[in-house]
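Participant: I am sharing entry-v8.cif, which consists of mmCIF, C-alpha atoms and all ligand atoms:
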```cif
data_protein
loop_
_atom_site.label_atom_id
_atom_site.label_comp_id
_atom_site.auth_asym_id
_atom_site.auth_seq_id
_atom_site.Cartn_x
_atom_site.Cartn_y
_atom_site.Cartn_z
CA MET A 1368 6.66 12.65 20.60
CA SER A 1369 9.56 12.74 18.16
CA ASP A 1370 9.46 13.96 14.59
CA ILE A 1371 6.26 12.63 13.03
CA SER A 1372 5.69 15.17 10.32
CA ALA A 1373 4.80 12.84 7.48
CA PRO A 1374 7.37 12.59 4.70
CA PRO A 1375 6.19 12.57 1.06
CA VAL A 1376 3.56 10.02 0.20
CA ILE A 1377 4.61 7.15 -2.07
CA LEU A 1378 3.64 7.54 -5.73
CA GLY A 1379 3.81 4.93 -8.47
CA GLY A 1380 5.56 6.99 -11.09
CA GLU A 1381 9.22 6.15 -10.72
CA PRO A 1382 10.23 3.55 -13.34
CA GLY A 1383 12.08 0.68 -11.73
CA SER A 1384 10.45 1.27 -8.35
CA PHE A 1385 8.35 -1.38 -6.67
CA PRO A 1386 5.07 0.63 -6.84
CA HIS A 1387 5.64 1.29 -10.52
CA SER A 1388 6.01 -2.44 -11.18
CA VAL A 1389 2.74 -3.13 -9.37
CA LEU A 1390 0.85 -0.63 -11.56
CA ALA A 1391 2.63 -1.43 -14.81
CA GLU A 1392 3.06 -5.21 -14.51
CA ARG A 1393 1.02 -6.72 -11.72
CA HIS A 1394 -2.28 -5.10 -12.61
CA PRO A 1395 -2.22 -6.21 -16.27
CA ALA A 1396 -1.30 -9.74 -15.08
CA ILE A 1397 -4.26 -9.75 -12.71
CA ILE A 1398 -6.63 -8.67 -15.49
CA GLN A 1399 -5.35 -11.57 -17.59
CA GLN A 1400 -5.75 -14.11 -14.79
CA VAL A 1401 -9.29 -13.00 -14.05
CA ARG A 1402 -10.18 -13.07 -17.73
CA GLU A 1403 -9.02 -16.67 -17.99
CA ALA A 1404 -10.72 -17.81 -14.81
CA PHE A 1405 -14.31 -17.29 -15.96
CA PRO A 1406 -16.28 -17.75 -19.20
CA TYR A 1407 -17.16 -14.08 -19.31
CA GLY A 1408 -19.09 -12.86 -22.35
CA PRO A 1409 -17.92 -10.32 -24.94
CA ASP A 1410 -19.13 -7.27 -22.99
CA ILE A 1411 -16.97 -8.09 -19.99
CA HIS A 1412 -14.00 -8.91 -22.23
CA ARG A 1413 -14.39 -5.50 -23.86
CA ARG A 1414 -14.50 -3.79 -20.49
CA LEU A 1415 -11.41 -5.70 -19.35
CA ASP A 1416 -9.62 -4.64 -22.55
CA ALA A 1417 -10.59 -1.06 -21.86
CA LEU A 1418 -9.31 -1.27 -18.28
CA LEU A 1419 -6.05 -2.78 -19.51
CA ASP A 1420 -5.53 0.09 -21.97
CA ASN A 1421 -6.59 2.61 -19.39
CA CYS A 1422 -4.11 1.33 -16.79
CA ALA A 1423 -1.25 1.41 -19.26
CA GLU A 1424 -1.80 4.69 -21.03
CA GLY A 1425 -4.93 6.36 -19.86
CA VAL A 1426 -5.97 8.60 -17.05
CA ILE A 1427 -8.10 7.68 -14.04
CA GLU A 1428 -11.77 7.68 -14.95
CA PRO A 1429 -14.55 8.31 -12.47
CA LEU A 1430 -17.01 5.56 -11.58
CA PRO A 1431 -20.16 5.54 -13.72
CA ALA A 1432 -23.04 7.78 -12.67
CA GLY A 1433 -25.14 4.85 -11.42
CA ALA A 1434 -22.47 3.28 -9.20
CA LEU A 1435 -23.89 2.88 -5.70
CA ASP A 1436 -20.64 3.79 -4.01
CA ARG A 1437 -19.86 6.74 -6.31
CA ASP A 1438 -20.48 9.34 -3.62
CA ARG A 1439 -18.31 7.43 -1.20
CA TRP A 1440 -15.43 7.37 -3.69
CA ARG A 1441 -15.94 11.09 -4.29
CA THR A 1442 -15.33 11.69 -0.60
CA TRP A 1443 -12.32 9.37 -0.85
CA GLY A 1444 -10.66 11.53 -3.52
CA MET A 1445 -12.09 10.42 -6.86
CA ASP A 1446 -12.89 13.94 -8.03
CA ALA A 1447 -9.39 15.12 -7.25
CA TYR A 1448 -7.69 12.24 -9.04
CA ALA A 1449 -9.96 11.66 -12.06
CA GLY A 1450 -8.22 12.85 -15.20
CA ARG A 1451 -4.75 12.26 -13.77
CA SER A 1452 -2.35 9.46 -14.65
CA TRP A 1453 -2.53 6.31 -12.52
CA PHE A 1454 1.19 6.86 -11.92
CA ASP A 1455 0.91 10.41 -10.57
CA VAL A 1456 -1.44 9.97 -7.64
CA PRO A 1457 -0.75 8.31 -4.27
CA TRP A 1458 0.07 4.68 -4.93
CA LEU A 1459 -2.23 3.51 -2.15
CA TRP A 1460 -5.07 5.31 -3.89
CA SER A 1461 -4.37 4.13 -7.43
CA GLU A 1462 -3.78 0.54 -6.37
CA SER A 1463 -7.04 0.43 -4.43
CA TYR A 1464 -9.00 2.10 -7.19
CA PHE A 1465 -7.71 -0.47 -9.68
CA TYR A 1466 -9.53 -3.21 -7.75
CA ARG A 1467 -12.72 -1.15 -7.66
CA GLN A 1468 -12.51 -0.63 -11.42
CA LEU A 1469 -11.80 -4.31 -12.00
CA LEU A 1470 -15.00 -5.20 -10.14
CA GLU A 1471 -16.82 -2.66 -12.29
CA ALA A 1472 -15.49 -4.32 -15.45
CA VAL A 1473 -16.63 -7.82 -14.44
CA GLY A 1474 -20.10 -6.64 -13.44
CA TYR A 1475 -19.68 -7.35 -9.73
CA PHE A 1476 -21.83 -4.41 -8.74
CA GLY A 1477 -24.04 -4.43 -11.85
CA ALA A 1478 -27.60 -5.67 -12.18
CA GLY A 1479 -26.63 -8.55 -14.49
CA ALA A 1480 -25.85 -12.22 -14.07
CA TRP A 1481 -22.31 -11.61 -12.80
CA GLN A 1482 -23.46 -9.53 -9.89
CA GLY A 1483 -21.72 -10.62 -6.70
CA ILE A 1484 -19.46 -13.17 -8.41
CA ASP A 1485 -16.02 -12.81 -6.83
CA PRO A 1486 -13.51 -12.75 -9.71
CA PHE A 1487 -10.78 -14.03 -7.39
CA ARG A 1488 -12.74 -16.92 -5.91
CA PRO A 1489 -11.19 -19.68 -8.06
CA PHE A 1490 -7.71 -18.67 -6.85
CA LYS A 1491 -8.81 -18.49 -3.24
CA LEU A 1492 -10.53 -21.89 -3.37
CA ALA A 1493 -7.55 -23.51 -5.08
CA GLU A 1494 -5.37 -22.33 -2.24
CA LEU A 1495 -7.79 -23.54 0.41
CA ASP A 1496 -7.83 -26.97 -1.23
CA ALA A 1497 -4.04 -27.16 -1.69
CA PRO A 1498 -2.18 -29.99 0.10
CA GLU A 1499 -0.07 -27.37 1.89
CA THR A 1500 -3.17 -26.12 3.68
CA ASP A 1501 -3.94 -29.63 4.96
CA GLU A 1502 -0.33 -30.05 6.05
CA GLU A 1503 -0.55 -26.83 8.05
CA LEU A 1504 -3.77 -27.98 9.69
CA ALA A 1505 -2.25 -31.33 10.63
CA VAL A 1506 0.42 -29.50 12.65
CA LEU A 1507 -2.32 -28.50 15.09
CA ASP A 1508 -2.46 -32.09 16.37
CA THR A 1509 1.11 -31.81 17.57
CA LEU A 1510 0.32 -28.63 19.51
CA ALA A 1511 -2.63 -29.99 21.43
CA ASP A 1512 -0.72 -31.10 24.53
CA ARG A 1513 1.85 -28.30 24.60
CA PRO A 1514 1.83 -25.72 27.41
CA VAL A 1515 -0.43 -22.77 26.78
CA ASP A 1516 2.37 -20.22 26.37
CA GLU A 1517 3.89 -22.38 23.67
CA ARG A 1518 0.55 -22.52 21.90
CA ASP A 1519 0.21 -18.74 22.32
CA ARG A 1520 3.46 -18.24 20.49
CA ALA A 1521 2.83 -20.86 17.83
CA LEU A 1522 -0.60 -19.51 16.95
CA LEU A 1523 0.56 -15.88 16.96
CA HIS A 1524 3.42 -16.77 14.63
CA GLY A 1525 1.10 -18.89 12.50
CA SER A 1526 -1.07 -15.84 11.99
CA LEU A 1527 1.96 -13.63 11.35
CA TRP A 1528 3.59 -15.88 8.77
CA GLY A 1529 0.25 -16.73 7.22
CA ASN A 1530 0.59 -13.24 5.75
CA ARG A 1531 3.12 -14.62 3.27
CA ALA A 1532 0.16 -16.32 1.60
CA ASP A 1533 -0.85 -13.40 -0.57
CA LEU A 1534 -2.09 -14.30 -4.03
CA GLY A 1535 -1.61 -10.82 -5.52
CA PHE A 1536 2.00 -10.83 -4.41
CA ARG A 1537 2.62 -14.29 -5.84
CA LEU A 1538 1.03 -13.36 -9.15
CA SER A 1539 3.76 -10.88 -9.87
CA ASP A 1540 6.51 -12.69 -8.00
CA VAL A 1541 6.23 -16.40 -8.67
CA GLU A 1542 9.41 -17.11 -6.75
CA ALA A 1543 8.01 -15.55 -3.59
CA GLN A 1544 6.90 -18.77 -1.91
CA LYS A 1545 10.16 -20.51 -2.69
CA ARG A 1546 12.25 -17.89 -0.92
CA ALA A 1547 13.00 -18.95 2.61
CA ALA A 1548 11.47 -16.84 5.34
CA VAL A 1549 13.90 -15.27 7.80
CA PRO A 1550 12.58 -16.38 11.20
CA ALA A 1551 14.22 -13.57 13.20
CA LEU A 1552 11.70 -10.72 13.23
CA VAL A 1553 12.90 -7.23 12.28
CA ALA A 1554 10.92 -5.95 15.26
CA ASP A 1555 9.27 -8.05 17.92
CA ASP A 1556 6.94 -6.43 20.46
CA SER A 1557 5.11 -9.67 21.17
CA GLU A 1558 5.70 -9.42 24.93
CA THR A 1559 3.88 -6.09 24.92
CA LEU A 1560 1.11 -7.65 22.87
CA TRP A 1561 0.58 -10.42 25.40
CA SER A 1562 0.73 -7.92 28.25
CA LEU A 1563 -2.30 -6.14 26.80
CA LEU A 1564 -4.47 -9.23 27.21
CA PRO A 1565 -5.45 -10.85 30.51
CA ALA A 1566 -3.30 -13.84 31.42
CA ALA A 1567 -4.38 -17.14 29.92
CA ASP A 1568 -6.35 -19.37 32.20
CA ALA A 1569 -3.81 -22.16 32.54
CA ASP A 1570 -6.42 -24.51 33.97
CA VAL A 1571 -8.36 -24.49 30.77
CA VAL A 1572 -8.00 -27.83 29.05
CA ALA A 1573 -6.27 -27.91 25.70
CA ASP A 1574 -8.36 -26.07 23.16
CA THR A 1575 -8.16 -28.94 20.75
CA ASP A 1576 -10.09 -32.18 20.78
CA THR A 1577 -8.97 -35.07 18.65
CA ASP A 1578 -11.36 -36.87 16.37
CA ALA A 1579 -11.13 -39.88 18.64
CA GLU A 1580 -12.37 -37.81 21.53
CA VAL A 1581 -15.11 -36.36 19.40
CA ASP A 1582 -16.14 -39.81 18.21
CA ALA A 1583 -16.17 -41.02 21.79
CA ASP A 1584 -18.61 -38.30 22.60
CA ALA A 1585 -22.07 -39.63 21.89
CA ASP A 1586 -23.41 -36.13 21.54
CA ALA A 1587 -21.36 -33.96 19.19
CA GLY A 1588 -23.40 -30.98 20.32
CA ALA A 1589 -22.20 -31.53 23.87
CA GLU A 1590 -18.60 -31.55 22.66
CA ILE A 1591 -19.07 -28.26 20.91
CA ALA A 1592 -20.79 -26.72 23.88
CA ALA A 1593 -17.98 -27.93 26.12
CA GLY A 1594 -15.50 -26.18 23.90
CA ILE A 1595 -17.34 -22.94 24.28
CA ARG A 1596 -17.66 -23.36 28.03
CA GLN A 1597 -13.90 -23.69 28.07
CA GLY A 1598 -13.88 -20.36 26.30
CA GLY A 1599 -15.90 -18.85 29.11
CA ALA A 1600 -13.53 -20.18 31.76
CA GLY A 1601 -10.92 -17.41 31.48
CA SER A 1602 -11.28 -13.93 32.90
CA GLY A 1603 -11.10 -11.77 29.77
CA THR A 1604 -14.21 -9.87 28.86
CA GLY A 1605 -12.61 -7.36 26.50
CA VAL A 1606 -13.08 -7.14 22.77
CA LEU A 1607 -10.28 -8.03 20.40
CA CYS A 1608 -10.58 -6.47 16.94
CA LEU A 1609 -8.76 -8.55 14.37
CA VAL A 1610 -8.40 -6.66 11.11
CA ALA A 1611 -7.95 -9.51 8.67
CA ASP A 1612 -5.94 -9.45 5.48
CA ASN A 1613 -5.91 -12.44 3.13
CA ALA A 1614 -8.34 -15.32 2.86
CA GLY A 1615 -7.32 -18.99 2.82
CA ARG A 1616 -3.93 -19.78 4.25
CA GLU A 1617 -3.77 -16.50 6.18
CA LEU A 1618 -7.35 -16.37 7.38
CA ILE A 1619 -7.27 -19.92 8.76
CA PRO A 1620 -4.42 -19.20 11.20
CA ASP A 1621 -6.11 -15.89 12.07
CA LEU A 1622 -9.25 -17.80 13.00
CA LEU A 1623 -7.23 -20.35 14.96
CA LEU A 1624 -5.61 -17.54 16.93
CA ALA A 1625 -9.03 -16.03 17.61
CA ALA A 1626 -10.36 -19.38 18.81
CA HIS A 1627 -7.35 -19.86 21.06
CA LEU A 1628 -7.64 -16.41 22.66
CA LEU A 1629 -11.35 -16.92 23.27
CA ALA A 1630 -10.84 -20.40 24.66
CA HIS A 1631 -8.27 -19.16 27.17
CA GLY A 1632 -10.23 -16.14 28.26
CA ARG A 1633 -7.72 -13.67 26.89
CA CYS A 1634 -10.66 -11.79 25.43
CA GLY A 1635 -14.41 -12.12 25.72
CA ARG A 1636 -15.27 -11.42 22.12
CA VAL A 1637 -13.48 -11.18 18.78
CA VAL A 1638 -14.61 -8.85 16.00
CA LEU A 1639 -13.10 -9.94 12.71
CA HIS A 1640 -12.90 -7.08 10.23
CA VAL A 1641 -13.01 -8.23 6.60
CA LYS A 1642 -13.39 -6.48 3.26
CA PRO A 1643 -16.90 -5.61 2.06
CA TYR A 1644 -16.06 -6.86 -1.44
CA PRO A 1645 -13.22 -8.67 -3.26
CA TYR A 1646 -10.02 -6.67 -3.06
CA TYR A 1647 -6.27 -7.04 -3.68
CA VAL A 1648 -6.94 -10.52 -5.10
CA SER A 1649 -6.93 -12.55 -1.92
CA ASP A 1650 -8.28 -10.19 0.74
CA ALA A 1651 -10.84 -11.91 2.92
CA THR A 1652 -14.57 -11.22 2.62
CA THR A 1653 -17.42 -12.70 4.65
CA ALA A 1654 -17.81 -15.46 2.04
CA ASP A 1655 -14.16 -16.35 2.54
CA VAL A 1656 -14.68 -16.60 6.28
CA VAL A 1657 -17.46 -19.10 5.66
CA ASP A 1658 -15.25 -21.08 3.26
CA ALA A 1659 -12.46 -21.15 5.83
CA LEU A 1660 -14.82 -22.32 8.56
CA ARG A 1661 -16.19 -25.04 6.29
CA LYS A 1662 -12.65 -26.16 5.56
CA LEU A 1663 -11.90 -26.33 9.27
CA THR A 1664 -15.09 -28.07 10.32
CA ALA A 1665 -14.53 -30.71 7.63
CA ALA A 1666 -10.97 -31.37 8.82
CA ARG A 1667 -9.99 -34.26 11.03
CA GLY A 1668 -8.31 -33.97 14.38
CA ALA A 1669 -7.61 -30.77 16.20
CA ALA A 1670 -8.40 -28.59 13.18
CA GLY A 1671 -11.94 -29.96 13.05
CA ALA A 1672 -12.44 -29.24 16.74
CA TYR A 1673 -11.25 -25.66 16.26
CA GLY A 1674 -13.65 -25.35 13.33
CA ARG A 1675 -16.64 -26.54 15.32
CA ARG A 1676 -15.76 -24.20 18.15
CA LEU A 1677 -15.41 -21.25 15.79
CA TRP A 1678 -18.69 -22.05 14.09
CA LYS A 1679 -20.40 -22.07 17.47
CA ALA A 1680 -18.62 -18.86 18.47
CA MET A 1681 -20.08 -17.17 15.43
CA THR A 1682 -23.58 -18.40 16.07
CA ASP A 1683 -23.54 -17.27 19.69
CA GLY A 1684 -21.84 -13.93 19.00
CA ALA A 1685 -18.43 -14.52 20.59
CA LEU A 1686 -16.97 -14.10 17.10
CA THR A 1687 -18.49 -11.43 14.89
CA VAL A 1688 -17.64 -10.56 11.31
CA ARG A 1689 -17.64 -6.90 10.35
CA ALA A 1690 -17.34 -5.59 6.78
CA HIS A 1691 -17.05 -1.84 7.19
CA PRO A 1692 -16.85 0.14 3.91
CA PHE A 1693 -13.70 1.88 5.15
CA SER A 1694 -11.92 -1.48 5.25
CA ALA A 1695 -11.62 -1.14 1.47
CA ALA A 1696 -10.90 2.60 1.45
CA PRO A 1697 -7.86 3.90 -0.47
CA LEU A 1698 -6.86 5.97 2.56
CA PRO A 1699 -4.78 5.65 5.69
CA TYR A 1700 -6.48 4.67 8.94
CA ALA A 1701 -5.75 8.16 10.25
CA ALA A 1702 -8.74 9.20 8.10
CA MET A 1703 -11.09 6.58 9.53
CA PRO A 1704 -14.70 7.61 10.16
CA GLY A 1705 -16.08 8.17 13.66
CA ASP A 1706 -18.00 4.90 13.98
CA LEU A 1707 -14.93 2.81 13.21
CA ARG A 1708 -12.79 4.96 15.47
CA ALA A 1709 -15.27 4.34 18.29
CA GLU A 1710 -15.09 0.57 17.72
CA PHE A 1711 -11.32 0.50 17.85
CA ALA A 1712 -11.35 2.82 20.86
CA ALA A 1713 -13.54 0.38 22.77
CA ALA A 1714 -11.37 -2.66 21.98
CA ALA A 1715 -8.82 -4.02 24.45
CA LEU A 1716 -6.55 -4.52 21.45
CA THR A 1717 -6.75 -4.19 17.69
CA ILE A 1718 -4.54 -6.55 15.69
CA VAL A 1719 -3.94 -5.28 12.17
CA LYS A 1720 -2.81 -7.93 9.71
CA GLY A 1721 -0.70 -7.69 6.60
CA ASP A 1722 1.19 -5.36 4.38
CA LEU A 1723 -1.61 -3.26 2.96
CA ASN A 1724 -3.12 -2.68 6.40
CA TYR A 1725 0.34 -1.70 7.66
CA ARG A 1726 0.65 0.86 4.89
CA ARG A 1727 -2.72 2.22 5.92
CA LEU A 1728 -1.88 2.12 9.62
CA VAL A 1729 1.37 4.08 9.48
CA GLY A 1730 0.59 6.07 6.32
CA ASP A 1731 2.00 5.10 2.91
CA SER A 1732 4.90 7.50 3.09
CA ARG A 1733 8.66 7.48 2.84
CA TRP A 1734 9.26 7.18 6.56
CA ARG A 1735 12.76 6.85 7.92
CA PRO A 1736 12.84 3.20 9.04
CA THR A 1737 13.82 4.29 12.54
CA THR A 1738 10.77 6.55 12.96
CA PRO A 1739 9.10 5.16 16.09
CA PHE A 1740 6.05 3.01 15.35
CA THR A 1741 4.49 4.36 18.54
CA ASP A 1742 4.71 7.89 17.13
CA VAL A 1743 3.21 7.19 13.73
CA THR A 1744 0.33 5.27 15.30
CA ALA A 1745 -0.26 7.73 18.14
CA TYR A 1746 -3.51 8.82 16.43
CA PHE A 1747 -4.97 5.29 16.67
CA PRO A 1748 -7.78 5.33 19.24
CA GLY A 1749 -6.69 2.27 21.23
CA PRO A 1750 -3.88 -0.24 21.67
CA VAL A 1751 -2.85 -1.56 18.29
CA ALA A 1752 -0.57 -4.34 17.05
CA ALA A 1753 0.69 -4.89 13.52
CA LEU A 1754 1.47 -8.42 12.30
CA ARG A 1755 3.03 -8.13 8.88
CA THR A 1756 5.40 -9.74 6.44
CA LEU A 1757 7.28 -7.04 4.56
CA LYS A 1758 6.02 -6.74 0.96
CA SER A 1759 6.29 -3.03 0.18
CA ASP A 1760 8.69 -0.19 0.88
CA VAL A 1761 7.07 1.32 3.94
CA ILE A 1762 8.72 0.57 7.25
CA THR A 1763 8.87 2.23 10.66
CA GLY A 1764 10.00 1.29 14.12
CA LEU A 1765 13.33 -0.37 13.37
CA ASP A 1766 16.33 0.16 15.57
CA ALA A 1767 19.32 1.61 13.77
CA ALA A 1768 21.44 -1.54 14.09
CA THR A 1769 18.71 -3.73 12.60
CA GLU A 1770 18.22 -1.37 9.69
CA ALA A 1771 21.96 -1.18 9.04
CA ALA A 1772 22.30 -4.98 9.09
CA LEU A 1773 19.40 -5.45 6.69
CA VAL A 1774 20.72 -2.85 4.28
CA ALA A 1775 24.23 -4.29 4.42
CA ALA A 1776 22.93 -7.77 3.67
CA GLU A 1777 20.23 -7.05 1.11
CA GLY A 1778 20.19 -3.45 -0.05
CA ARG A 1779 16.47 -2.61 -0.34
CA ARG A 1780 15.32 -6.13 -1.12
CA TRP A 1781 14.34 -6.95 2.48
CA ARG A 1782 11.56 -4.39 2.27
CA THR A 1783 9.64 -6.08 -0.52
CA ALA A 1784 10.74 -9.72 -0.77
CA GLY A 1785 8.18 -11.10 1.68
CA THR A 1786 10.90 -12.92 3.61
CA HIS A 1787 10.98 -10.72 6.72
CA ALA A 1788 8.27 -10.08 9.26
CA LEU A 1789 7.48 -7.93 12.26
CA ILE A 1790 5.25 -7.65 15.30
CA GLN A 1791 4.93 -4.02 16.38
CA VAL A 1792 2.72 -2.75 19.16
CA ARG A 1793 1.56 0.60 20.45
CA ALA A 1794 0.07 0.02 23.87
O1 LIG B 1801 -1.84 -9.07 1.46
P1 LIG B 1801 -0.97 -8.00 2.00
O2 LIG B 1801 -0.01 -8.47 3.02
O3 LIG B 1801 -1.73 -6.80 2.44
O4 LIG B 1801 -0.08 -7.56 0.80
C1 LIG B 1801 -0.60 -6.81 -0.20
C2 LIG B 1801 0.48 -5.93 -0.57
O5 LIG B 1801 1.00 -6.34 -1.72
C3 LIG B 1801 1.34 -5.22 -2.42
O6 LIG B 1801 0.55 -5.25 -3.53
C4 LIG B 1801 2.81 -5.17 -2.52
O7 LIG B 1801 3.37 -6.41 -2.70
C5 LIG B 1801 1.03 -4.05 -1.71
O8 LIG B 1801 0.53 -3.17 -2.54
C6 LIG B 1801 0.13 -4.49 -0.69
O9 LIG B 1801 0.46 -3.74 0.37
#
```
Give the structure from this file in C-alpha cells form.

Facilitator:
Amino acid sequence: MSDISAPPVILGGEPGSFPHSVLAERHPAIIQQVREAFPYGPDIHRRLDALLDNCAEGVIEPLPAGALDRDRWRTWGMDAYAGRSWFDVPWLWSESYFYRQLLEAVGYFGAGAWQGIDPFRPFKLAELDAPETDEELAVLDTLADRPVDERDRALLHGSLWGNRADLGFRLSDVEAQKRAAVPALVADDSETLWSLLPAADADVVADTDTDAEVDADADAGAEIAAGIRQGGAGSGTGVLCLVADNAGRELIPDLLLAAHLLAHGRCGRVVLHVKPYPYYVSDATTADVVDALRKLTAARGAAGAYGRRLWKAMTDGALTVRAHPFSAAPLPYAAMPGDLRAEFAAAALTIVKGDLNYRRLVGDSRWRPTTPFTDVTAYFPGPVAALRTLKSDVITGLDAATEAALVAAEGRRWRTAGTHALIQVRA
C-alpha cells in the first residue's frame, strides 16, 4: 500500500475557499428558503433567527438536554466541538451539524405539531413534479429494446449523472444546472464494477413493459408477478448495498438501476441505504423513496412498469430500505459502527452515491489527487464503488495526466463545479 497517511482534514475557515462559502453563504440561504416554504409560527421564526446569528458569529452549541440523539452526537464529537467556531472544526462535521440544528429549530424532533415535517419536502416534490423528470422517464421507452449491456451502461450513467440533481448545491449555485456536463469521466472503473457482479442473464426479456402490453394483460397482478419472475431468472444471489444520496431526480435513476440489476440476476437483493431524517436539503429518506415509487408507478410506458416491479420488489423483500443512524453521521465511513461494517462486509458490492458520501468514504482531507482510491478505501469491509459528480474539493485516484489536464484547463474549478464525474472501484 502506498502513502495513505491522511493529510490535514478540510476546515471551513479559509475565506474565499469553497467550504467557507458553504458555511457563510449557503447555510444562511437555506435557512431563508426553509423559512419561506412553511407558515411557521413565531417560535420557529425566532429559533431560525437564532440559528442564523449563531452560524454567522456564534460558536457551536450543544443539542438541548432532552434531544433523543444527544448521546449519539456526543459520541460523534459534539462535546469536543461545542464552544468552538463553526469555521474552526472539520467542515464535514460543521456542515452536518448545521442540518441537525436546522431540524431542531423547525421542531422536527420536538413534541409539537411540526414533528416529523420535512422542511425540504416542498423543494423535493417540486423537483419530482418538474417536466424534466418526466422527460427523463420517457427516455426509458427508447431503451426497452436495446441490448442488455447497453442498458447496463445507460442505467449506470443515469444513476451517476443523477447526482448532479442536488438541491443544496443549486441553492448556492443557481448556474449549476446550466453548465454543461463533461461526459468524459475523470476516472472510470466501470469495467471492474461490472466484473464484481454475475453476468447478466441475456435471455431475460427486456425489463420494461410498455403500457400497451400492460393494458393487453387482463390481470395487472400477473404482469407484475411476471416482472419479478424475470428478476429471479438470473444467477445472482448476492446482496447489493446502494448507499443513496439525493431524492427525486437522483433517486429515481438509482431505483431504476436497482430494478435492472435485480431483473437481470446481477444480484439477488438490493439494500437501499437512505438517511434517517432530512439532511443536506435533498438527501433521500424513506418518505422520499415512497414518493419516487409513486411517481414511477403513476408514469406511463416503461417507467410505470419499472415502478410496479420496484413496488413488488419492496413488498417481497428483494428491495429493502435501510435508514441507519450512521448514514447521517458527521464522520467518515472509516469510523462506521460494527453492525454497518458487517452489512457492507456481507455485500457482493456496495455502491456509494454522491459527493458527500465520497467525502465520507475517502475521508474529507486534502488528499493529493493521485493518491490511489484503492488505498484510501482499503479499510472498507467489502468491494466498494463510488459514483459521484464532483462538487467539493476532495479527490483521489486520478492519474497524473488527467489531473494535469484538468488543472491546465480549469484551475481548481473542476473540483467543485458539478460538471465532472467519476466511477471508482475498489474490488
Ligand atoms: O448531494 P451530494 O452529491 O452529496 O452533494 C452534497 C455536497 O454538496 C456540498 O454541500 C458541496 O457542494 C458538499 O458539502 C456536499 O458534499

Participant: At a cut-off of 8 Å from (-5.4, 1.8, -11.3) in the coordinates of the file, what residues are picked up using only C-alpha atoms, written as a count of residues only?

Facilitator: 12

Participant: Please work out which residues fall within 7 Å of (-4.3, 12.4, -17.4), coordinates as given in the file, with only C-alpha atoms counting, and return them as a ChimeraX atom specification.

Facilitator: /A:1425-1427,1450-1452

Participant: Figure out the distance between CA of Thr1763 in chain A and CA of Ala1745 in chain A, please, to one decimal in Å.

Facilitator: 13.0 Å

Participant: Would you mind listing, for every residue of chain A within 7 Å of ligand LIG 1801 (chain B), the two atoms forming the shortest contact and the distance between them in Å to one decimal, using all atoms listed in the file, sorted by chain and ascending residue number, as a Markdown table?

Facilitator:
```
| residue | atom | partner | partner_atom | distance |
| --- | --- | --- | --- | --- |
| A:Val1389 | CA | B:LIG1801 | O6 | 6.6 |
| A:Glu1462 | CA | B:LIG1801 | O8 | 6.9 |
| A:Asn1530 | CA | B:LIG1801 | O2 | 5.5 |
| A:Arg1531 | CA | B:LIG1801 | O2 | 6.9 |
| A:Asp1533 | CA | B:LIG1801 | O1 | 4.9 |
| A:Gly1535 | CA | B:LIG1801 | O6 | 6.3 |
| A:Phe1536 | CA | B:LIG1801 | O7 | 4.9 |
| A:Asp1612 | CA | B:LIG1801 | O1 | 5.8 |
| A:Asn1613 | CA | B:LIG1801 | O1 | 5.5 |
| A:Tyr1647 | CA | B:LIG1801 | C1 | 6.7 |
| A:Asp1650 | CA | B:LIG1801 | O1 | 6.6 |
| A:Gly1721 | CA | B:LIG1801 | O2 | 3.7 |
| A:Asp1722 | CA | B:LIG1801 | O2 | 3.6 |
| A:Leu1723 | CA | B:LIG1801 | O9 | 3.4 |
| A:Asn1724 | CA | B:LIG1801 | O3 | 5.9 |
| A:Arg1726 | CA | B:LIG1801 | O9 | 6.5 |
| A:Arg1755 | CA | B:LIG1801 | O2 | 6.6 |
| A:Thr1756 | CA | B:LIG1801 | O2 | 6.5 |
| A:Lys1758 | CA | B:LIG1801 | O7 | 4.5 |
| A:Ser1759 | CA | B:LIG1801 | C4 | 4.9 |
| A:Thr1783 | CA | B:LIG1801 | O7 | 6.6 |
```

Participant: Keeping C-alpha atoms, export the residues of the selection given above as a tab-separated table (two decimals), keeping the file's coordinate frame.

Facilitator:
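Output file part_11.tsv is given in full below:
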```
chain	number	residue	atom	x	y	z
A	1389	VAL	CA	2.74	-3.13	-9.37
A	1462	GLU	CA	-3.78	0.54	-6.37
A	1530	ASN	CA	0.59	-13.24	5.75
A	1531	ARG	CA	3.12	-14.62	3.27
A	1533	ASP	CA	-0.85	-13.40	-0.57
A	1535	GLY	CA	-1.61	-10.82	-5.52
A	1536	PHE	CA	2.00	-10.83	-4.41
A	1612	ASP	CA	-5.94	-9.45	5.48
A	1613	ASN	CA	-5.91	-12.44	3.13
A	1647	TYR	CA	-6.27	-7.04	-3.68
A	1650	ASP	CA	-8.28	-10.19	0.74
A	1721	GLY	CA	-0.70	-7.69	6.60
A	1722	ASP	CA	1.19	-5.36	4.38
A	1723	LEU	CA	-1.61	-3.26	2.96
A	1724	ASN	CA	-3.12	-2.68	6.40
A	1726	ARG	CA	0.65	0.86	4.89
A	1755	ARG	CA	3.03	-8.13	8.88
A	1756	THR	CA	5.40	-9.74	6.44
A	1758	LYS	CA	6.02	-6.74	0.96
A	1759	SER	CA	6.29	-3.03	0.18
A	1783	THR	CA	9.64	-6.08	-0.52
```

Participant: CA of His1640 in chain A and CA of Pro1692 in chain A, how far apart in Å?

Facilitator: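 Separation between CA of Pro1692 in chain A and CA of His1640 in chain A: 10.4 Å.
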
Participant: Find, counting all atoms listed in the file, the residue in A:Gly1764, A:Gly1635, A:Pro1739, A:Gly1671 that gets nearest to Ala1505 in chain A.

Facilitator: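 So, comparing all the options, the nearest one is A:Gly1671.
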
Participant: Which residue is closest to Asp1420 in chain A? Choose from A:Pro1395, A:Leu1459, A:Glu1381, A:Asp1436 and count all atoms listed in the file.

Facilitator: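 Of A:Pro1395, A:Leu1459, A:Glu1381, A:Asp1436, the one nearest Asp1420 in chain A, counting all atoms listed in the file, is A:Pro1395.
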
Participant: Between A:Leu1623, A:Ala1709, A:Ala1480, A:Ala1753, single out the one closest to Thr1664 in chain A, counting all atoms listed in the file.

Facilitator: A:Leu1623

Participant: Separation of CA of Thr1737 in chain A and CA of Ser1372 in chain A, in Å?

Facilitator: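 One can read the CA of Thr1737 in chain A to CA of Ser1372 in chain A distance as 13.8 Å.
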